[in-house]
Amino acid sequence: MNIFRLAGDMTHLLSIIVLLLKIRTTKSCSGISLKTQELYVIVFVTRYMDLFSRYISFYNTIMKIVFLLTSMAIVWYMRYHKVVKQTYNKEEDTFRHYFLVLPSLVLALLLPQAFTIMEVLWTFSLYLEVVAILPQLVLLQWSRNIDNLTGNYVFFLGAYRALYVCNWVYRYFFEDHRVRWIAWISGVVQTVLYADFFYYYIKSWKNQERLKLPA
């Protein structure tokens with residue numbers, strides 16, 4: 001495992017810790033898109049279908065379990081916790097996320113990594129993850145009061161994808177020299193979707209201002 005892969009995994013984990021910290025300490029999910037979180041549950045469930053059938057390493061297994069359980073826990077908090085669910089901005093979380101699932105599935109059936117059930121599901125999870133952040137970004141554009149924890153959560157989530165792009169570049173030149181077009185293109189497109197957010201996040205941090213995205 002190279003440094004970019006490890007840094008990407010740790011940044012991804014940090015984003016989840018920040019989000020859970022926000023929810024548990026403030027008893028609020030204000031500014032968080034439930035639709036994005038539900039899409040991430042679908043992403044992890046379909047990506048890690050091989051959890052009990054394919055062993056890679058102890059680290060890999062633990063990370064899969066952590067991402068599965070934490071994504072489900074976040075959705076549970078937002079849907080069923082008696083206090084947290086009352087803070088959900090349903091009126092502002094208006095992105096029709098189900099329109100993202102079917103195109104991702106069709107694309108996975110047309111352009112999979114390989115024509116097996118597991119590979120189609122894995123490819124579907126990659127395509128869906130690319131667009132899973134869209135409901136969250138749209139919600140942030142509607143929100144006029146983006147708190148620090150929510151901003152940090154989205155920043156770390158985007159940084160994780162950027163680090164994974166670096167990981168694939170490193171692996172190509174210094175490890176196995178394998179071409180992974182689906183992973184590469186998906187990762188680059190997903191990182192580009194964060195570009196506007198990165199700009200305003202860094203700008204607000206530099207000017208010590210509250211984060212605000214243009215509507």
# chains A, B, ... in the order shown; residues from 1 in each chain; ligands from 1
>>> residues_around(residues="Tyr194 in chain A", least_positions_apart="6", cutoff="10 Å", atoms="only C-alpha atoms", output="list of chain:residue names")
A:Ile133, A:Leu134, A:Leu137, A:Val154, A:Phe155, A:Leu157, A:Gly158, A:Ala159, A:Arg161, A:Ala162
>>> residues_around(residues="range 91-98 of chain A", least_positions_apart="5", cutoff="7 Å", atoms="only C-alpha atoms", output="PyMOL selection string")
chain A and resi 33+35+135+139+142
>>> write_last_selection(atoms="C-alpha atoms", output="short mmCIF file (atom, residue, chain, number, x, y, z; two decimals), in the first residue's frame")
data_model
loop_
_atom_site.label_atom_id
_atom_site.label_comp_id
_atom_site.auth_asym_id
_atom_site.auth_seq_id
_atom_site.Cartn_x
_atom_site.Cartn_y
_atom_site.Cartn_z
CA SER A 33 -28.18 15.60 2.80
CA LYS A 35 -30.15 11.57 0.04
CA PRO A 135 -27.51 16.20 -3.43
CA LEU A 139 -28.16 21.42 -0.36
CA TRP A 142 -29.40 26.42 -0.71
#
>>> closest_residue(among="A:Arg47, A:Lys22, A:Lys27, A:Arg54", to="Trp122 in chain A", atoms="only C-alpha atoms")
A:Arg47
>>> select_by_dssp(residues="range 102-189 of chain A", states="alpha helix (DSSP H)", output="NGL selection string")
:A and (102-110 or 117-132 or 134-142 or 148-174 or 181-189)
>>> closest_residue(among="A:Phe174, A:Ala7, A:Ile74, A:Asp50", to="Glu119 in chain A", atoms="only C-alpha atoms")
A:Asp50
>>> closest_residue(among="A:Thr150, A:Phe198, A:Leu213, A:Val188", to="Ser15 in chain A", atoms="only C-alpha atoms")
A:Thr150
>>> residues_around(residues="Asn2 in chain A", least_positions_apart="3", cutoff="9 Å", atoms="only C-alpha atoms", output="list in words")
Arg5, Leu6, Ala7, Asn167, Tyr170 and Arg171 of chain A
>>> write_last_selection(atoms="N, CA, C and O atoms", output="PDB file, in the first residue's frame")
ATOM      1  N   ARG A   5      -2.679   5.957  -1.083  1.00  0.00           N
ATOM      2  CA  ARG A   5      -3.822   5.097  -0.750  1.00  0.00           C
ATOM      3  C   ARG A   5      -4.131   5.190   0.747  1.00  0.00           C
ATOM      4  O   ARG A   5      -5.297   5.321   1.137  1.00  0.00           O
ATOM      5  N   LEU A   6      -3.096   5.115   1.569  1.00  0.00           N
ATOM      6  CA  LEU A   6      -3.295   5.194   3.010  1.00  0.00           C
ATOM      7  C   LEU A   6      -3.866   6.553   3.410  1.00  0.00           C
ATOM      8  O   LEU A   6      -4.801   6.633   4.209  1.00  0.00           O
ATOM      9  N   ALA A   7      -3.295   7.628   2.835  1.00  0.00           N
ATOM     10  CA  ALA A   7      -3.785   8.972   3.148  1.00  0.00           C
ATOM     11  C   ALA A   7      -5.233   9.136   2.694  1.00  0.00           C
ATOM     12  O   ALA A   7      -6.043   9.763   3.387  1.00  0.00           O
ATOM     13  N   ASN A 167      -3.125   8.091  -5.945  1.00  0.00           N
ATOM     14  CA  ASN A 167      -2.809   6.686  -5.698  1.00  0.00           C
ATOM     15  C   ASN A 167      -2.758   5.893  -6.999  1.00  0.00           C
ATOM     16  O   ASN A 167      -1.845   5.098  -7.226  1.00  0.00           O
ATOM     17  N   TYR A 170       0.317   6.837  -9.008  1.00  0.00           N
ATOM     18  CA  TYR A 170       1.502   6.227  -8.400  1.00  0.00           C
ATOM     19  C   TYR A 170       1.577   4.743  -8.736  1.00  0.00           C
ATOM     20  O   TYR A 170       2.643   4.229  -9.104  1.00  0.00           O
ATOM     21  N   ARG A 171       0.468   4.042  -8.610  1.00  0.00           N
ATOM     22  CA  ARG A 171       0.455   2.604  -8.878  1.00  0.00           C
ATOM     23  C   ARG A 171       0.794   2.298 -10.327  1.00  0.00           C
ATOM     24  O   ARG A 171       1.476   1.311 -10.624  1.00  0.00           O
TER      25      ARG A 171
END
>>> residues_around(residues="Tyr88 in chain A", least_positions_apart="2", cutoff="10 Å", atoms="only C-alpha atoms", output="list in words")
Ser28, Cys29, Ser30, Gly31, Ile32, Ser33, Leu34, Met78, Arg79, Val83, Val84, Lys85, Gln86, Lys90, Glu91, Glu92 and Asp93 of chain A
>>> residues_around(residues="Thr46 in chain A", least_positions_apart="3", cutoff="7 Å", atoms="only C-alpha atoms", output="MDAnalysis selection string")
chainID A and resid 42:43 49 121:122 125
>>> write_last_selection(atoms="N, CA and C atoms", output="short mmCIF file (atom, residue, chain, number, x, y, z; two decimals), in the first residue's frame")
data_model
loop_
_atom_site.label_atom_id
_atom_site.label_comp_id
_atom_site.auth_asym_id
_atom_site.auth_seq_id
_atom_site.Cartn_x
_atom_site.Cartn_y
_atom_site.Cartn_z
N ILE A 42 -25.85 2.58 -0.55
CA ILE A 42 -25.94 1.74 -1.75
C ILE A 42 -24.56 1.50 -2.34
N VAL A 43 -23.74 2.54 -2.37
CA VAL A 43 -22.37 2.41 -2.90
C VAL A 43 -21.58 1.35 -2.13
N MET A 49 -19.83 -6.44 -1.57
CA MET A 49 -20.56 -7.71 -1.60
C MET A 49 -19.62 -8.91 -1.42
N LEU A 121 -21.49 -5.03 -10.12
CA LEU A 121 -21.86 -4.32 -8.89
C LEU A 121 -20.75 -3.37 -8.44
N TRP A 122 -19.51 -3.83 -8.55
CA TRP A 122 -18.37 -2.99 -8.18
C TRP A 122 -18.30 -1.76 -9.08
N SER A 125 -20.99 0.70 -8.27
CA SER A 125 -20.68 1.48 -7.07
C SER A 125 -19.73 2.64 -7.40
#
>>> residues_around(residues="Tyr127 in chain A", least_positions_apart="5", cutoff="9 Å", atoms="only C-alpha atoms", output="PyMOL selection string")
chain A and resi 43+103-105+107-108+122+132+182-183+186
>>> closest_residue(among="A:Met118, A:Leu102, A:Ala215, A:Leu20", to="Ser71 in chain A", atoms="only C-alpha atoms")
A:Leu20
